[in-house]
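A.B. asks: Got a structure for you, questions after.
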Amino acid sequence: MRRSRFLQAAAASPLLLATARAWAGGDDRRVPVVDAHVHCFAGRDDARFPYHPLGPYRPVELATPEHLLACMNEAGVDFAVVVHPEPYQDDHRYLEHCLDVGRARLKGTCLFFADRPGSLDRMTELVRRREGQIVAARIHAYAPDRLPPFGKPELHALWRRAGDLGLAIQLHFEPRYAPGFEPLIREFPATKVILDHLGRPFQGSPEENAVVHAWAKLPNTIMKLSAFPAQDQYPHRDVGPVVRDLVKRFGPDRLIYGGGSEPEATGASYRAYREQVRSHLADLSAEDQAKVLGGTAASLFGFHNAAPKAPS
């Protein structure tokens, strides 16, 4: 579209108008940048937001929404999804604090446990109270003592309720546990299923990874390009071939990215992480790269309802 025609069309759309203003100011991005995977922690000493007794770990360093937003501004990240972390278990007070600080720029995922009494009602109450701000329900399956009730009515009910509430299901799992999820992915095709951290391919055998790769044929699955391991750390493997294979399997309309916002992150390091992700997308057009780095997530999580913030 020519610039003049774009500016004319923008008058009828708040989102296009915001994009047009950014374009006029020199920002030629057509879609927002969306980080789909950040964690925030209040630390051990904030009595307002204590870690849960059942949390598997207790971070010492702070990772506040204020620091996140500062890094986002410097790195040109418009929106982000705060993935509610396990140290808080099903206590979402700090997530709600983050959403209050971030306003329209942050949304969040929730964590409820299918086999704990009252989880469905509490999830429903949170989602309705935080209308439009909770976008997914996360399920973990990565250790024998951290598994959902596979094959039982409780997990089926949680999956159904999340779908009824308009949430995606976000899976953080080792490939060996993938078969337990597949019946539900197939039974509820209208519910989007986000696969965290490349599907954790280095924790799976070729046969186990093949199950996850086959999900690329299921249109409700979305792969998240996140948690890239450094090659000088265990398992000492180059992530590049894995990412390029997933890009071919899932395509830009079913790929999102996340990560880079660590407690010690700066705007420069945060941007550098995104450019690392982009380096594995070289076979895609600029338009499709933009989808992976924000466009697909913006559509999935409803960030198009708010104007993107141009980077400083």
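Labeling convention for the structure tokens: chains A, B, ... as they appear, residues from 1 per chain, ligands from 1 in order of appearance.
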Within 7 Å of Val31 in chain A, counting only C-alpha atoms, which residues show up once you throw out same-chain ones fewer than 2 positions away? Write them as a PDB file with N, CA and C atoms, in the first residue's frame, please.
C.D. replies:
ATOM      1  N   ARG A  29       7.641   0.039  11.161  1.00  0.00           N
ATOM      2  CA  ARG A  29       7.113  -1.288  11.465  1.00  0.00           C
ATOM      3  C   ARG A  29       5.617  -1.333  11.195  1.00  0.00           C
ATOM      4  N   VAL A  33       5.749  -5.502  18.092  1.00  0.00           N
ATOM      5  CA  VAL A  33       6.632  -6.543  18.601  1.00  0.00           C
ATOM      6  C   VAL A  33       6.039  -7.035  19.917  1.00  0.00           C
ATOM      7  N   ALA A 290       8.132 -10.573  10.785  1.00  0.00           N
ATOM      8  CA  ALA A 290       7.351  -9.676  11.642  1.00  0.00           C
ATOM      9  C   ALA A 290       6.191 -10.412  12.300  1.00  0.00           C
ATOM     10  N   GLY A 294       5.853 -10.786  16.467  1.00  0.00           N
ATOM     11  CA  GLY A 294       4.801  -9.991  17.082  1.00  0.00           C
ATOM     12  C   GLY A 294       3.434 -10.102  16.469  1.00  0.00           C
ATOM     13  N   GLY A 295       3.359 -10.178  15.166  1.00  0.00           N
ATOM     14  CA  GLY A 295       2.052 -10.145  14.521  1.00  0.00           C
ATOM     15  C   GLY A 295       1.151 -11.293  14.914  1.00  0.00           C
TER      16      GLY A 295
END
A.B. asks: Per residue of range 204-273 of chain A within 8 Å of range 66-75 of chain A, what are the shortest atom pair and its distance in Å to one decimal, counting only C-alpha atoms, with rows by chain and residue number, as a tab-separated table?
C.D. replies:
residue	atom	partner	partner_atom	distance
A:Ser261	CA	A:Leu68	CA	6.7
A:Ala265	CA	A:Cys71	CA	7.4
A:Thr266	CA	A:Cys71	CA	5.8
A:Gly267	CA	A:Cys71	CA	4.4
A:Ala268	CA	A:Ala75	CA	6.4
A:Tyr270	CA	A:Ala75	CA	6.1
A:Arg271	CA	A:Ala75	CA	4.8
A.B. asks: Could you please write out, as a PDB file with all heavy atoms, in the first residue's frame, every residue of range 76-221 of chain A that DSSP assigns to strand (DSSP E)?
C.D. replies:
ATOM      1  N   PHE A  79       4.502  -4.991  23.468  1.00  0.00           N
ATOM      2  CA  PHE A  79       3.640  -5.694  24.406  1.00  0.00           C
ATOM      3  C   PHE A  79       4.352  -6.951  24.904  1.00  0.00           C
ATOM      4  O   PHE A  79       5.273  -7.458  24.258  1.00  0.00           O
ATOM      5  CB  PHE A  79       2.321  -6.112  23.746  1.00  0.00           C
ATOM      6  CG  PHE A  79       1.561  -4.978  23.101  1.00  0.00           C
ATOM      7  CD1 PHE A  79       1.459  -4.896  21.718  1.00  0.00           C
ATOM      8  CD2 PHE A  79       0.956  -4.002  23.869  1.00  0.00           C
ATOM      9  CE1 PHE A  79       0.755  -3.867  21.116  1.00  0.00           C
ATOM     10  CE2 PHE A  79       0.257  -2.960  23.287  1.00  0.00           C
ATOM     11  CZ  PHE A  79       0.154  -2.895  21.905  1.00  0.00           C
ATOM     12  N   ALA A  80       3.878  -7.484  26.037  1.00  0.00           N
ATOM     13  CA  ALA A  80       4.459  -8.716  26.562  1.00  0.00           C
ATOM     14  C   ALA A  80       3.403  -9.493  27.338  1.00  0.00           C
ATOM     15  O   ALA A  80       2.434  -8.923  27.856  1.00  0.00           O
ATOM     16  CB  ALA A  80       5.659  -8.413  27.462  1.00  0.00           C
ATOM     17  N   VAL A  81       3.624 -10.798  27.418  1.00  0.00           N
ATOM     18  CA  VAL A  81       2.775 -11.695  28.198  1.00  0.00           C
ATOM     19  C   VAL A  81       3.576 -12.160  29.410  1.00  0.00           C
ATOM     20  O   VAL A  81       4.636 -12.782  29.266  1.00  0.00           O
ATOM     21  CB  VAL A  81       2.322 -12.910  27.373  1.00  0.00           C
ATOM     22  CG1 VAL A  81       1.505 -13.862  28.244  1.00  0.00           C
ATOM     23  CG2 VAL A  81       1.499 -12.463  26.175  1.00  0.00           C
ATOM     24  N   VAL A  82       3.077 -11.843  30.596  1.00  0.00           N
ATOM     25  CA  VAL A  82       3.710 -12.279  31.836  1.00  0.00           C
ATOM     26  C   VAL A  82       3.211 -13.689  32.131  1.00  0.00           C
ATOM     27  O   VAL A  82       2.029 -13.895  32.423  1.00  0.00           O
ATOM     28  CB  VAL A  82       3.377 -11.332  33.003  1.00  0.00           C
ATOM     29  CG1 VAL A  82       4.044 -11.821  34.290  1.00  0.00           C
ATOM     30  CG2 VAL A  82       3.817  -9.913  32.679  1.00  0.00           C
ATOM     31  N   LEU A 106       0.708  -5.143  29.058  1.00  0.00           N
ATOM     32  CA  LEU A 106       0.981  -6.467  29.596  1.00  0.00           C
ATOM     33  C   LEU A 106      -0.305  -7.264  29.730  1.00  0.00           C
ATOM     34  O   LEU A 106      -1.342  -6.734  30.131  1.00  0.00           O
ATOM     35  CB  LEU A 106       1.653  -6.368  30.973  1.00  0.00           C
ATOM     36  CG  LEU A 106       2.990  -5.646  31.067  1.00  0.00           C
ATOM     37  CD1 LEU A 106       3.498  -5.670  32.507  1.00  0.00           C
ATOM     38  CD2 LEU A 106       4.024  -6.248  30.119  1.00  0.00           C
ATOM     39  N   LYS A 107      -0.220  -8.536  29.382  1.00  0.00           N
ATOM     40  CA  LYS A 107      -1.273  -9.499  29.701  1.00  0.00           C
ATOM     41  C   LYS A 107      -0.607 -10.666  30.405  1.00  0.00           C
ATOM     42  O   LYS A 107       0.620 -10.702  30.554  1.00  0.00           O
ATOM     43  CB  LYS A 107      -2.013  -9.937  28.435  1.00  0.00           C
ATOM     44  CG  LYS A 107      -2.743  -8.781  27.755  1.00  0.00           C
ATOM     45  CD  LYS A 107      -3.753  -9.241  26.728  1.00  0.00           C
ATOM     46  CE  LYS A 107      -4.464  -8.029  26.093  1.00  0.00           C
ATOM     47  NZ  LYS A 107      -5.619  -8.426  25.255  1.00  0.00           N
ATOM     48  N   GLY A 108      -1.407 -11.628  30.887  1.00  0.00           N
ATOM     49  CA  GLY A 108      -0.818 -12.688  31.687  1.00  0.00           C
ATOM     50  C   GLY A 108      -1.434 -14.046  31.445  1.00  0.00           C
ATOM     51  O   GLY A 108      -2.525 -14.166  30.883  1.00  0.00           O
ATOM     52  N   THR A 109      -0.708 -15.062  31.875  1.00  0.00           N
ATOM     53  CA  THR A 109      -1.235 -16.420  31.901  1.00  0.00           C
ATOM     54  C   THR A 109      -1.530 -16.782  33.357  1.00  0.00           C
ATOM     55  O   THR A 109      -0.964 -16.193  34.279  1.00  0.00           O
ATOM     56  CB  THR A 109      -0.238 -17.432  31.324  1.00  0.00           C
ATOM     57  OG1 THR A 109       0.845 -17.605  32.245  1.00  0.00           O
ATOM     58  CG2 THR A 109       0.297 -16.961  29.977  1.00  0.00           C
ATOM     59  N   CYS A 110      -2.371 -17.766  33.546  1.00  0.00           N
ATOM     60  CA  CYS A 110      -2.692 -18.209  34.901  1.00  0.00           C
ATOM     61  C   CYS A 110      -2.237 -19.647  35.098  1.00  0.00           C
ATOM     62  O   CYS A 110      -1.955 -20.370  34.136  1.00  0.00           O
ATOM     63  CB  CYS A 110      -4.181 -18.069  35.191  1.00  0.00           C
ATOM     64  SG  CYS A 110      -5.275 -19.055  34.137  1.00  0.00           S
ATOM     65  N   ILE A 134      -6.161 -11.939  31.033  1.00  0.00           N
ATOM     66  CA  ILE A 134      -5.646 -13.300  31.184  1.00  0.00           C
ATOM     67  C   ILE A 134      -5.883 -14.026  29.871  1.00  0.00           C
ATOM     68  O   ILE A 134      -7.024 -14.120  29.403  1.00  0.00           O
ATOM     69  CB  ILE A 134      -6.335 -14.051  32.340  1.00  0.00           C
ATOM     70  CG1 ILE A 134      -6.241 -13.246  33.637  1.00  0.00           C
ATOM     71  CG2 ILE A 134      -5.727 -15.438  32.508  1.00  0.00           C
ATOM     72  CD1 ILE A 134      -4.828 -13.025  34.133  1.00  0.00           C
ATOM     73  N   VAL A 135      -4.807 -14.528  29.277  1.00  0.00           N
ATOM     74  CA  VAL A 135      -4.919 -15.037  27.906  1.00  0.00           C
ATOM     75  C   VAL A 135      -4.688 -16.535  27.781  1.00  0.00           C
ATOM     76  O   VAL A 135      -4.997 -17.118  26.736  1.00  0.00           O
ATOM     77  CB  VAL A 135      -3.956 -14.286  26.975  1.00  0.00           C
ATOM     78  CG1 VAL A 135      -4.348 -12.817  26.865  1.00  0.00           C
ATOM     79  CG2 VAL A 135      -2.499 -14.424  27.443  1.00  0.00           C
ATOM     80  N   ALA A 136      -4.152 -17.184  28.808  1.00  0.00           N
ATOM     81  CA  ALA A 136      -3.866 -18.615  28.700  1.00  0.00           C
ATOM     82  C   ALA A 136      -3.818 -19.243  30.083  1.00  0.00           C
ATOM     83  O   ALA A 136      -3.562 -18.570  31.088  1.00  0.00           O
ATOM     84  CB  ALA A 136      -2.548 -18.854  27.968  1.00  0.00           C
ATOM     85  N   ALA A 137      -4.044 -20.552  30.114  1.00  0.00           N
ATOM     86  CA  ALA A 137      -3.886 -21.349  31.331  1.00  0.00           C
ATOM     87  C   ALA A 137      -2.717 -22.298  31.103  1.00  0.00           C
ATOM     88  O   ALA A 137      -2.718 -23.078  30.147  1.00  0.00           O
ATOM     89  CB  ALA A 137      -5.161 -22.134  31.639  1.00  0.00           C
ATOM     90  N   ARG A 138      -1.719 -22.216  31.970  1.00  0.00           N
ATOM     91  CA  ARG A 138      -0.507 -23.017  31.775  1.00  0.00           C
ATOM     92  C   ARG A 138      -0.601 -24.345  32.512  1.00  0.00           C
ATOM     93  O   ARG A 138      -1.111 -24.420  33.633  1.00  0.00           O
ATOM     94  CB  ARG A 138       0.717 -22.242  32.262  1.00  0.00           C
ATOM     95  CG  ARG A 138       2.036 -22.739  31.663  1.00  0.00           C
ATOM     96  CD  ARG A 138       3.205 -21.919  32.126  1.00  0.00           C
ATOM     97  NE  ARG A 138       4.380 -22.145  31.291  1.00  0.00           N
ATOM     98  CZ  ARG A 138       5.627 -22.010  31.703  1.00  0.00           C
ATOM     99  NH1 ARG A 138       5.865 -21.627  32.943  1.00  0.00           N
ATOM    100  NH2 ARG A 138       6.647 -22.225  30.888  1.00  0.00           N
ATOM    101  N   ILE A 139      -0.081 -25.392  31.881  1.00  0.00           N
ATOM    102  CA  ILE A 139      -0.042 -26.731  32.466  1.00  0.00           C
ATOM    103  C   ILE A 139       1.389 -27.238  32.363  1.00  0.00           C
ATOM    104  O   ILE A 139       2.000 -27.184  31.290  1.00  0.00           O
ATOM    105  CB  ILE A 139      -1.010 -27.692  31.747  1.00  0.00           C
ATOM    106  CG1 ILE A 139      -2.447 -27.173  31.840  1.00  0.00           C
ATOM    107  CG2 ILE A 139      -0.912 -29.095  32.341  1.00  0.00           C
ATOM    108  CD1 ILE A 139      -3.447 -27.994  31.045  1.00  0.00           C
ATOM    109  N   HIS A 140       1.915 -27.744  33.471  1.00  0.00           N
ATOM    110  CA  HIS A 140       3.281 -28.262  33.507  1.00  0.00           C
ATOM    111  C   HIS A 140       3.270 -29.795  33.479  1.00  0.00           C
ATOM    112  O   HIS A 140       2.413 -30.430  34.097  1.00  0.00           O
ATOM    113  CB  HIS A 140       3.994 -27.810  34.780  1.00  0.00           C
ATOM    114  CG  HIS A 140       4.205 -26.338  34.867  1.00  0.00           C
ATOM    115  ND1 HIS A 140       5.288 -25.716  34.286  1.00  0.00           N
ATOM    116  CD2 HIS A 140       3.487 -25.359  35.462  1.00  0.00           C
ATOM    117  CE1 HIS A 140       5.232 -24.413  34.525  1.00  0.00           C
ATOM    118  NE2 HIS A 140       4.137 -24.169  35.238  1.00  0.00           N
ATOM    119  N   ALA A 141       4.265 -30.360  32.805  1.00  0.00           N
ATOM    120  CA  ALA A 141       4.471 -31.810  32.822  1.00  0.00           C
ATOM    121  C   ALA A 141       5.937 -32.066  32.477  1.00  0.00           C
ATOM    122  O   ALA A 141       6.278 -32.299  31.316  1.00  0.00           O
ATOM    123  CB  ALA A 141       3.545 -32.512  31.836  1.00  0.00           C
ATOM    124  N   ALA A 168      -6.256 -19.745  25.847  1.00  0.00           N
ATOM    125  CA  ALA A 168      -5.436 -20.777  25.234  1.00  0.00           C
ATOM    126  C   ALA A 168      -4.934 -21.700  26.342  1.00  0.00           C
ATOM    127  O   ALA A 168      -4.913 -21.338  27.519  1.00  0.00           O
ATOM    128  CB  ALA A 168      -4.259 -20.162  24.486  1.00  0.00           C
ATOM    129  N   ILE A 169      -4.542 -22.912  25.955  1.00  0.00           N
ATOM    130  CA  ILE A 169      -3.828 -23.804  26.852  1.00  0.00           C
ATOM    131  C   ILE A 169      -2.342 -23.666  26.537  1.00  0.00           C
ATOM    132  O   ILE A 169      -1.928 -23.751  25.386  1.00  0.00           O
ATOM    133  CB  ILE A 169      -4.268 -25.271  26.661  1.00  0.00           C
ATOM    134  CG1 ILE A 169      -5.721 -25.463  27.106  1.00  0.00           C
ATOM    135  CG2 ILE A 169      -3.339 -26.217  27.413  1.00  0.00           C
ATOM    136  CD1 ILE A 169      -5.938 -25.358  28.603  1.00  0.00           C
ATOM    137  N   GLN A 170      -1.537 -23.434  27.566  1.00  0.00           N
ATOM    138  CA  GLN A 170      -0.101 -23.260  27.385  1.00  0.00           C
ATOM    139  C   GLN A 170       0.610 -24.428  28.054  1.00  0.00           C
ATOM    140  O   GLN A 170       0.539 -24.586  29.274  1.00  0.00           O
ATOM    141  CB  GLN A 170       0.346 -21.934  27.983  1.00  0.00           C
ATOM    142  CG  GLN A 170       1.812 -21.628  27.783  1.00  0.00           C
ATOM    143  CD  GLN A 170       2.161 -20.209  28.186  1.00  0.00           C
ATOM    144  OE1 GLN A 170       1.323 -19.313  28.124  1.00  0.00           O
ATOM    145  NE2 GLN A 170       3.386 -19.991  28.604  1.00  0.00           N
ATOM    146  N   LEU A 171       1.315 -25.233  27.259  1.00  0.00           N
ATOM    147  CA  LEU A 171       1.932 -26.449  27.756  1.00  0.00           C
ATOM    148  C   LEU A 171       3.438 -26.272  27.919  1.00  0.00           C
ATOM    149  O   LEU A 171       4.148 -25.940  26.970  1.00  0.00           O
ATOM    150  CB  LEU A 171       1.667 -27.614  26.797  1.00  0.00           C
ATOM    151  CG  LEU A 171       0.206 -27.982  26.556  1.00  0.00           C
ATOM    152  CD1 LEU A 171       0.114 -29.174  25.596  1.00  0.00           C
ATOM    153  CD2 LEU A 171      -0.507 -28.293  27.869  1.00  0.00           C
ATOM    154  N   HIS A 172       3.915 -26.526  29.133  1.00  0.00           N
ATOM    155  CA  HIS A 172       5.349 -26.586  29.411  1.00  0.00           C
ATOM    156  C   HIS A 172       5.638 -28.033  29.801  1.00  0.00           C
ATOM    157  O   HIS A 172       5.274 -28.474  30.891  1.00  0.00           O
ATOM    158  CB  HIS A 172       5.706 -25.628  30.551  1.00  0.00           C
ATOM    159  CG  HIS A 172       7.147 -25.744  30.967  1.00  0.00           C
ATOM    160  ND1 HIS A 172       7.547 -25.649  32.276  1.00  0.00           N
ATOM    161  CD2 HIS A 172       8.279 -25.935  30.241  1.00  0.00           C
ATOM    162  CE1 HIS A 172       8.856 -25.776  32.348  1.00  0.00           C
ATOM    163  NE2 HIS A 172       9.322 -25.957  31.124  1.00  0.00           N
ATOM    164  N   PHE A 173       6.289 -28.771  28.920  1.00  0.00           N
ATOM    165  CA  PHE A 173       6.368 -30.217  29.095  1.00  0.00           C
ATOM    166  C   PHE A 173       7.648 -30.769  28.488  1.00  0.00           C
ATOM    167  O   PHE A 173       8.257 -30.164  27.606  1.00  0.00           O
ATOM    168  CB  PHE A 173       5.170 -30.885  28.411  1.00  0.00           C
ATOM    169  CG  PHE A 173       5.163 -30.696  26.911  1.00  0.00           C
ATOM    170  CD1 PHE A 173       5.585 -31.710  26.064  1.00  0.00           C
ATOM    171  CD2 PHE A 173       4.747 -29.500  26.348  1.00  0.00           C
ATOM    172  CE1 PHE A 173       5.600 -31.530  24.681  1.00  0.00           C
ATOM    173  CE2 PHE A 173       4.750 -29.315  24.970  1.00  0.00           C
ATOM    174  CZ  PHE A 173       5.174 -30.329  24.137  1.00  0.00           C
ATOM    175  N   VAL A 193      -3.478 -24.155  21.494  1.00  0.00           N
ATOM    176  CA  VAL A 193      -2.543 -24.826  22.384  1.00  0.00           C
ATOM    177  C   VAL A 193      -1.140 -24.308  22.078  1.00  0.00           C
ATOM    178  O   VAL A 193      -0.627 -24.507  20.973  1.00  0.00           O
ATOM    179  CB  VAL A 193      -2.598 -26.353  22.223  1.00  0.00           C
ATOM    180  CG1 VAL A 193      -1.587 -27.026  23.151  1.00  0.00           C
ATOM    181  CG2 VAL A 193      -4.006 -26.864  22.507  1.00  0.00           C
ATOM    182  N   ILE A 194      -0.536 -23.634  23.050  1.00  0.00           N
ATOM    183  CA  ILE A 194       0.789 -23.044  22.896  1.00  0.00           C
ATOM    184  C   ILE A 194       1.826 -24.002  23.475  1.00  0.00           C
ATOM    185  O   ILE A 194       1.698 -24.461  24.615  1.00  0.00           O
ATOM    186  CB  ILE A 194       0.865 -21.693  23.616  1.00  0.00           C
ATOM    187  CG1 ILE A 194      -0.198 -20.737  23.051  1.00  0.00           C
ATOM    188  CG2 ILE A 194       2.256 -21.084  23.502  1.00  0.00           C
ATOM    189  CD1 ILE A 194      -0.437 -19.531  23.925  1.00  0.00           C
ATOM    190  N   LEU A 195       2.845 -24.305  22.697  1.00  0.00           N
ATOM    191  CA  LEU A 195       3.888 -25.241  23.102  1.00  0.00           C
ATOM    192  C   LEU A 195       5.126 -24.439  23.496  1.00  0.00           C
ATOM    193  O   LEU A 195       5.793 -23.836  22.652  1.00  0.00           O
ATOM    194  CB  LEU A 195       4.202 -26.201  21.951  1.00  0.00           C
ATOM    195  CG  LEU A 195       2.976 -26.838  21.279  1.00  0.00           C
ATOM    196  CD1 LEU A 195       3.397 -27.691  20.102  1.00  0.00           C
ATOM    197  CD2 LEU A 195       2.163 -27.643  22.278  1.00  0.00           C
ATOM    198  N   THR A 221      -2.438 -25.805  17.189  1.00  0.00           N
ATOM    199  CA  THR A 221      -1.199 -25.755  17.946  1.00  0.00           C
ATOM    200  C   THR A 221      -0.331 -24.594  17.479  1.00  0.00           C
ATOM    201  O   THR A 221      -0.275 -24.267  16.295  1.00  0.00           O
ATOM    202  CB  THR A 221      -0.405 -27.059  17.815  1.00  0.00           C
ATOM    203  OG1 THR A 221      -0.126 -27.322  16.429  1.00  0.00           O
ATOM    204  CG2 THR A 221      -1.176 -28.225  18.405  1.00  0.00           C
TER     205      THR A 221
END
A.B. asks: State, in Å with one decimal place, the distance from CA of Arg278 in chain A to CA of Phe181 in chain A.
C.D. replies: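 That distance, rounded to one decimal, is 29.7 Å.
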A.B. asks: Enter the distance from CA of Arg130 in chain A to CA of Asp46 in chain A, in Å, rounded to one decimal.
C.D. replies: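 Separating CA of Arg130 in chain A from CA of Asp46 in chain A is a distance of 23.2 Å.
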A.B. asks: Could you go through range 54-228 of chain A and tell me which residues DSSP, when run on the backbone, assigns to helix (DSSP H, G or I), listing them as JSON, numbers by chain?
C.D. replies: {"A": [65, 66, 67, 68, 69, 70, 71, 72, 73, 74, 75, 86, 87, 88, 93, 94, 95, 96, 97, 98, 99, 100, 101, 102, 103, 104, 105, 119, 120, 121, 122, 123, 124, 125, 126, 127, 128, 129, 153, 154, 155, 156, 157, 158, 159, 160, 161, 162, 163, 164, 175, 176, 177, 178, 179, 180, 181, 182, 183, 184, 185, 186, 187, 197, 198, 199, 201, 202, 203, 206, 207, 208, 209, 210, 211, 212, 213, 214, 215, 216, 217]}
A.B. asks: Extract, using only C-alpha atoms, all DNA, RNA and protein residues at most 9 Å from Leu158 in chain A, discarding same-chain residues fewer than 6 positions from it, and format them as a list in words.
C.D. replies: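 The filter keeps Phe112, Phe113, Ala114, Ser119 and Leu120 of chain A.
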A.B. asks: In Å, with one decimal, what is the gap from CA of Leu198 in chain A to CA of Ala286 in chain A?
C.D. replies: 21.7 Å
A.B. asks: From the set A:Ala272, A:Leu167, A:Leu218, A:Ile256, which residue has the shortest atom-to-atom contact distance to Val292 in chain A, counting only C-alpha atoms?
C.D. replies: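 Smallest separation from Val292 in chain A among the options: A:Ile256.
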A.B. asks: Determine, counting only C-alpha atoms, which protein, DNA and RNA residues have an atom within 10 Å of an atom of Arg186 in chain A; residues of the same chain fewer than 2 positions away are not included. Present the result as a ChimeraX atom specification.
C.D. replies: /A:181-184,188-191,215,218-221
A.B. asks: Between A:Pro252, A:Gly102, A:Pro59, A:Pro53, which is the closest to Gln133 in chain A once you count only C-alpha atoms?
C.D. replies: A:Gly102
